[in-house]
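First the structure, in the form of structure tokens, and then the observations on it.
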Amino acid sequence: MESIESRLKAVVASLPPQVTLVAVSKFHPVEAIREAYDAGQRIFGESRAQELVAKAPQLPADIRWHFIGHLQTNKVAIVVPFAELIHSVDSLRLLRVIDREASRHGKCQDVLLQLHVAEEETKFGFAVDEIADAIGEASSLENVRLRGLMAMATNTDDTARVRADFLSAKAAFDNVKKSLSVDSCGQFDILSMGMSHDRDIAAECGSTMVRIGTDIFGERFRKQN
Ligand SMILES: *Cc1c(COP(=O)(O)O)cnc(C)c1O
């Protein structure tokens, strides 16, 4: 099998320059993360609170950890101290808890709202028509900074469907950006979409940040959430 370093370099080379890479290291050991780190990668994504908290202290302090999985409110307190960006805010309740914990840590937590555009009914996130309310709420909270949106496309081989999902996320992103009159707390500039199998389509549809696991680290052998 190819090394993590060569896979990482191939992924980086394939991305348009305006797209930021989050290397999704969930279920992979710290040794694998260190290999990618040594090859120059600094942003890593984890999807489970306990796993993030167990790994982060064993790794270099200049790693920028992104939390990308469904976050339970009772795990927010352990995630906030580590997370540069939380991609997966899927309820107003979660947003308020993040605000409270960030305030306790004297930090302004960067977050993305997770948008529900896929066909699957089980996917977490806000519907497109719920986003405006969520934005209003976010702007009233002092310790969260809304940086953009995150979306996952329908898990299908039908590329037209995937493209349609990503394009509705992009449209929602552009609408919000237009509606934000005064940028009170930082900029709204991140559209996180695209995984190993659909990252090219995501990039074509306006993604600014992709979350890639398998193409860098290989298959995950433990159960995923
Ligand atoms: C696991 C995961 C990824 C990465 O998926 P790959 O197919 O391994 O690239 C991206 N985003 C989220 C939210 C994930 O949970």
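Each chain of the structure tokens is named A, B, ... in the order shown, its residues numbered from 1; ligands are numbered from 1 in display order.
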
Contacts of chain A with ligand 1 up to 10 Å, shortest pair per row, only C-alpha atoms and all ligand atoms, as a Markdown table:
```
| residue | atom | partner | partner_atom_place_in_ligand_line | distance |
| --- | --- | --- | --- | --- |
| A:Val22 | CA | ligand 1 | 10 (C) | 8.6 |
| A:Ala23 | CA | ligand 1 | 4 (C) | 8.0 |
| A:Val24 | CA | ligand 1 | 4 (C) | 5.5 |
| A:Ser25 | CA | ligand 1 | 1 (C) | 8.1 |
| A:Lys26 | CA | ligand 1 | 1 (C) | 6.8 |
| A:Phe27 | CA | ligand 1 | 1 (C) | 9.1 |
| A:Gly45 | CA | ligand 1 | 10 (C) | 8.1 |
| A:Glu46 | CA | ligand 1 | 15 (O) | 7.8 |
| A:Ser47 | CA | ligand 1 | 15 (O) | 5.9 |
| A:Arg48 | CA | ligand 1 | 15 (O) | 9.1 |
| A:Phe67 | CA | ligand 1 | 13 (C) | 8.7 |
| A:Ile68 | CA | ligand 1 | 13 (C) | 5.0 |
| A:Gly69 | CA | ligand 1 | 13 (C) | 5.3 |
| A:His70 | CA | ligand 1 | 13 (C) | 8.0 |
| A:His87 | CA | ligand 1 | 13 (C) | 8.0 |
| A:Ser88 | CA | ligand 1 | 13 (C) | 7.6 |
| A:Gln114 | CA | ligand 1 | 13 (C) | 9.6 |
| A:Met150 | CA | ligand 1 | 13 (C) | 8.7 |
| A:Ala151 | CA | ligand 1 | 13 (C) | 8.4 |
| A:Met152 | CA | ligand 1 | 13 (C) | 7.2 |
| A:Ser192 | CA | ligand 1 | 11 (N) | 9.0 |
| A:Met193 | CA | ligand 1 | 11 (N) | 7.9 |
| A:Gly194 | CA | ligand 1 | 10 (C) | 7.2 |
| A:Met195 | CA | ligand 1 | 9 (O) | 4.2 |
| A:Ser196 | CA | ligand 1 | 9 (O) | 3.6 |
| A:His197 | CA | ligand 1 | 7 (O) | 6.1 |
| A:Asp198 | CA | ligand 1 | 7 (O) | 8.4 |
| A:Arg199 | CA | ligand 1 | 9 (O) | 8.4 |
| A:Val210 | CA | ligand 1 | 10 (C) | 7.7 |
| A:Arg211 | CA | ligand 1 | 10 (C) | 4.6 |
| A:Ile212 | CA | ligand 1 | 9 (O) | 3.7 |
| A:Gly213 | CA | ligand 1 | 8 (O) | 3.5 |
| A:Thr214 | CA | ligand 1 | 8 (O) | 3.7 |
| A:Asp215 | CA | ligand 1 | 9 (O) | 6.1 |
| A:Ile216 | CA | ligand 1 | 9 (O) | 7.9 |
| A:Phe217 | CA | ligand 1 | 8 (O) | 8.1 |
| A:Gly218 | CA | ligand 1 | 8 (O) | 7.8 |
| A:Glu219 | CA | ligand 1 | 8 (O) | 7.3 |
| A:Arg220 | CA | ligand 1 | 8 (O) | 7.6 |
| A:Gln224 | CA | ligand 1 | 1 (C) | 7.6 |
| A:Asn225 | CA | ligand 1 | 15 (O) | 7.4 |
```

If we count only C-alpha atoms, what is near Ala77 in chain A at a cut-off of 10 Å, once residues fewer than 6 positions away on the same chain are taken out, given as a list of chain:residue names?
A:Ala49, A:Val97, A:Ile98, A:Arg100, A:Glu101, A:Ala102, A:Arg104, A:His105

Near-Leu191 in chain A list (8 Å; only C-alpha atoms; drop same-chain fewer than 4 positions) as a PyMOL selection string
chain A and resi 148-151+170+173+206-209

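The interatomic distance for the pair CA of Leu85 in chain A and CA of Leu15 in chain A works out to 20.6 Å.
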
CA of Ile135 in chain A to CA of Asp189 in chain A: how many Å, to one decimal?
14.0 Å

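Between CA of Arg96 in chain A and CA of Leu115 in chain A the interatomic distance comes to 17.4 Å.
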
From a backbone DSSP assignment, name each residue in range 13-195 of chain A labelled strand (DSSP E or B), as a ChimeraX atom specification.
/A:20-24,43-46,64-67,83-89,109-116,126,144-152,190-192

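Restricting the calculation to only C-alpha atoms, the smallest distance between Val53 in chain A and any of A:Ala153, A:Thr20, A:Arg34, A:Ile78 is found for A:Ile78.
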
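Take the candidates A:Ala61, A:Ala132, A:Ala56, A:Ala138 and check each one against Val89 in chain A using only C-alpha atoms; the shortest distance goes to A:Ala138.
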
From the options A:Asp62, A:Glu120, A:Glu2, A:Glu142, which residue's atoms come nearest to Arg42 in chain A, counting only C-alpha atoms?
A:Asp62
